Amino acid sequence: MFFVPALPFLDSAIDFATLSFIASLLFLSLFSICFIFHLRFKSRGSRHLQNFNSLWTVRFLFVFFIVLWALTELLRLPLFRRLYFYSLLPQLTVPQQANLCKVNLVLSLGFFEPGFLVTLLFLLDVSVKKTTPRSFFGVFFVLASCLPIFLLQVYSVFFPGSEIRLPELFYRSWFVSWNIHNDKTVLCAYPLLSTILFGIFGAIFTFSFLLSFWRVVSHVINKALRVRIFALALTVIISLPLKIMLMGLSVFWTPDKTAFDGVTLLAFLTTFTCAVVGEGILVIEPIADSLAATGGGIEESCQGSIHDERSSSLPPPVEDVIGNRVTKWDALRP
C-alpha cells in the first residue's frame, strides 16, 4: 500500500467540499424538475410542446435518479453522519454503521447511478426513433436494465465469500477508525468485487452508448445540436471509465488515509460532472429552446394556413438528441 500521512483537517475539508458539490447538484436538479413541470403545464395548450413533452416522465426519472444518488452519497461522509445523521438517531453500533455503508454501496453502484446512466442512454437512443415510445415503456426499460447489476451488488455486498473465498479487499465495504478522542468511527470503502461488477456494467453501457451516439450523429445536421451531442458523449466516455479506475485505485489505501479521501472525491466528481452535463443537455437546454421557439411563433394558432402548406411538403420529423422534434428543414437553418 502507498503511504500517505493522515491529515484530519484535510479530511474534513474534503468532506465539506463534497457536501458543497452535492448541495449544488440538488439545487440544479430542483431547477430541472421545475423546468420539466413548467413545460408539462404549458404543453396542455400547445401541440408543438405536446410533441416535445411526450417523454416528460422519463426526463423526470432521469433527474430523480440523480437526486437519489446525491442523497445516498451523503451517507458516505463521516462529517455529515456525525453532524446531522447521528443527531436524529440514537447512537448506532458498529454493525449498524457498517450496514449503512453497505446500503449506500448497493443503492449507489447498483441502482441509482446505473439508473440515471441507462435513462440517459434511453433518451439518446429514442431521439432517432421514427415514433416516440410511451413513457411507461421507458420507465420499464430503465428499471429492467438496472435489475441485474442491482442483484449482483446485493449478493456481493451482503453475502460475501459464500461461494469462493477471496482476499479481504474484494469484500471490504467498511473500516473502523479511531479518532483522537478514542471513539470508533465506521468509514465506507469500495470493495474490489463491487468495482469489478460496476466495471462490467460500465463496459456494456459504454459500448451501447457509442452505438447510439453514432446513430444520432448520422441524423443530426444542425451544428449547435452536434456540439451538444459531442459534449455529452465526451463527458460520458471519459467520466465513467475514470470513475471505475479511481474506485479500483482506492483499495490500495484504507479509508482512514487522506489519499483514500482524495481518490474517492475524484471518483465522486466524475459522476457529478456526468450528472450536471446530462441535466444541462437533456433537460434544461432543450426545454428552454422549446419554450423560446413557442414564444417566437411556432404555435399553430400563429402559423395558420402557411404552416399547413409547408408541412405537406416537408420530410417527416426527426427527433434530435435533446428530445425536441424538428424537421430537416429546421435542422438546415443556421
# chains A, B, ... in the order shown; residues from 1 in each chain; ligands from 1

$ select_by_dssp --residues "region 29-217 of chain A" --states "helix (DSSP H, G or I)" --output "ChimeraX atom specification"
/A:29-45,47-76,78-88,94-126,135-158,168-170,192-217

$ select_by_dssp --residues "region 101-286 of chain A" --states "strand (DSSP E)" --output "ChimeraX atom specification"
/A:174-178,184-188

$ write_last_selection --atoms "all heavy atoms" --output "short mmCIF file (atom, residue, chain, number, x, y, z; two decimals), in the first residue's frame"
data_model
loop_
_atom_site.label_atom_id
_atom_site.label_comp_id
_atom_site.auth_asym_id
_atom_site.auth_seq_id
_atom_site.Cartn_x
_atom_site.Cartn_y
_atom_site.Cartn_z
N TRP A 174 -16.42 -1.47 4.53
CA TRP A 174 -16.37 -0.55 5.67
C TRP A 174 -15.08 -0.80 6.46
O TRP A 174 -14.43 -1.83 6.31
CB TRP A 174 -17.59 -0.70 6.57
CG TRP A 174 -17.82 -2.10 7.07
CD1 TRP A 174 -18.43 -3.12 6.41
CD2 TRP A 174 -17.43 -2.63 8.35
NE1 TRP A 174 -18.45 -4.26 7.17
CE2 TRP A 174 -17.85 -3.98 8.37
CE3 TRP A 174 -16.79 -2.10 9.47
CZ2 TRP A 174 -17.63 -4.81 9.46
CZ3 TRP A 174 -16.57 -2.92 10.56
CH2 TRP A 174 -16.99 -4.25 10.56
N PHE A 175 -14.73 0.18 7.27
CA PHE A 175 -13.48 0.13 8.03
C PHE A 175 -13.67 0.92 9.32
O PHE A 175 -14.23 2.01 9.31
CB PHE A 175 -12.35 0.74 7.19
CG PHE A 175 -11.01 0.78 7.87
CD1 PHE A 175 -10.18 -0.33 7.84
CD2 PHE A 175 -10.58 1.92 8.54
CE1 PHE A 175 -8.94 -0.30 8.46
CE2 PHE A 175 -9.36 1.95 9.16
CZ PHE A 175 -8.52 0.84 9.13
N VAL A 176 -13.19 0.35 10.43
CA VAL A 176 -13.32 1.01 11.74
C VAL A 176 -12.07 1.84 12.00
O VAL A 176 -10.95 1.33 11.96
CB VAL A 176 -13.52 -0.02 12.87
CG1 VAL A 176 -13.60 0.69 14.21
CG2 VAL A 176 -14.79 -0.83 12.63
N SER A 177 -12.31 3.12 12.27
CA SER A 177 -11.22 4.04 12.57
C SER A 177 -11.41 4.62 13.96
O SER A 177 -12.54 4.80 14.42
CB SER A 177 -11.18 5.16 11.53
OG SER A 177 -10.22 6.13 11.87
N TRP A 178 -10.29 4.93 14.63
CA TRP A 178 -10.31 5.52 15.96
C TRP A 178 -9.86 6.97 15.86
O TRP A 178 -8.81 7.26 15.30
CB TRP A 178 -9.39 4.76 16.92
CG TRP A 178 -9.80 3.33 17.12
CD1 TRP A 178 -9.53 2.28 16.31
CD2 TRP A 178 -10.57 2.83 18.21
NE1 TRP A 178 -10.09 1.13 16.81
CE2 TRP A 178 -10.73 1.43 17.99
CE3 TRP A 178 -11.15 3.40 19.35
CZ2 TRP A 178 -11.43 0.62 18.86
CZ3 TRP A 178 -11.83 2.58 20.22
CH2 TRP A 178 -11.98 1.21 19.98
N LYS A 184 -14.90 5.24 18.16
CA LYS A 184 -14.95 4.45 16.93
C LYS A 184 -15.76 5.18 15.87
O LYS A 184 -16.83 5.73 16.15
CB LYS A 184 -15.56 3.08 17.19
CG LYS A 184 -14.71 2.14 18.03
CD LYS A 184 -15.42 0.81 18.19
CE LYS A 184 -14.60 -0.16 19.03
NZ LYS A 184 -15.28 -1.46 19.21
N THR A 185 -15.26 5.17 14.66
CA THR A 185 -15.97 5.73 13.52
C THR A 185 -15.89 4.74 12.37
O THR A 185 -14.80 4.25 12.04
CB THR A 185 -15.37 7.07 13.07
OG1 THR A 185 -15.40 7.99 14.16
CG2 THR A 185 -16.16 7.65 11.91
N VAL A 186 -17.02 4.42 11.78
CA VAL A 186 -17.05 3.49 10.65
C VAL A 186 -16.96 4.31 9.37
O VAL A 186 -17.77 5.21 9.13
CB VAL A 186 -18.33 2.64 10.67
CG1 VAL A 186 -18.43 1.81 9.39
CG2 VAL A 186 -18.36 1.75 11.89
N LEU A 187 -15.97 4.00 8.54
CA LEU A 187 -15.75 4.68 7.27
C LEU A 187 -16.11 3.72 6.13
O LEU A 187 -15.86 2.52 6.21
CB LEU A 187 -14.29 5.12 7.14
CG LEU A 187 -13.76 6.01 8.27
CD1 LEU A 187 -12.28 6.29 8.06
CD2 LEU A 187 -14.55 7.30 8.36
N CYS A 188 -16.70 4.25 5.08
CA CYS A 188 -17.14 3.44 3.95
C CYS A 188 -16.01 3.28 2.93
O CYS A 188 -15.17 4.17 2.78
CB CYS A 188 -18.35 4.07 3.27
SG CYS A 188 -19.79 4.23 4.36
#

$ closest_atom_pairs --of "region 101-130 of chain A" --to "region 61-78 of chain A" --cutoff "6 Å" --atoms "only C-alpha atoms" --output "tab-separated table"
residue	atom	partner	partner_atom	distance
A:Asn104	CA	A:Thr72	CA	5.9
A:Ser108	CA	A:Trp69	CA	5.8
A:Phe112	CA	A:Trp69	CA	5.3
A:Phe116	CA	A:Phe62	CA	5.2
A:Thr119	CA	A:Phe62	CA	5.7

$ write_last_selection --atoms "C-alpha atoms" --output "CSV table (one decimal), in the first residue's frame"
chain,number,residue,atom,x,y,z
A,104,ASN,CA,-25.0,3.2,0.3
A,108,SER,CA,-25.3,4.0,-5.4
A,112,PHE,CA,-29.2,5.0,-8.7
A,116,PHE,CA,-29.5,7.6,-14.5
A,119,THR,CA,-32.1,6.7,-18.6

$ closest_residue --among "A:Phe80, A:Phe230, A:Phe170, A:Phe252" --to "Gly278 (chain A)" --atoms "only C-alpha atoms"
A:Phe230

$ residues_around --residues "Gln153 (chain A)" --least-positions-apart "3" --cutoff "9 Å" --atoms "only C-alpha atoms" --output "compact mmCIF listing (two decimals) with C-alpha atoms, in the first residue's frame"
# COMPACT_ATOMS: atom_id res chain seq x y z
CA LEU A 105 -22.86 0.94 -1.84
CA VAL A 106 -25.74 -1.17 -3.17
CA LEU A 107 -28.03 1.78 -3.87
CA LEU A 109 -23.45 1.49 -7.58
CA GLY A 110 -26.30 -0.96 -8.03
CA PRO A 148 -29.16 -7.43 -12.93
CA ILE A 149 -26.45 -5.09 -11.61
CA PHE A 150 -28.57 -4.35 -8.52
CA SER A 156 -21.58 -9.40 -3.40
CA VAL A 157 -22.01 -6.87 -0.56
CA PHE A 158 -24.39 -8.64 1.83
CA LEU A 193 -15.60 -7.05 -6.25
CA SER A 194 -18.25 -4.31 -6.42
CA LEU A 197 -19.18 -5.66 -11.25
CA PHE A 198 -19.71 -1.95 -11.86
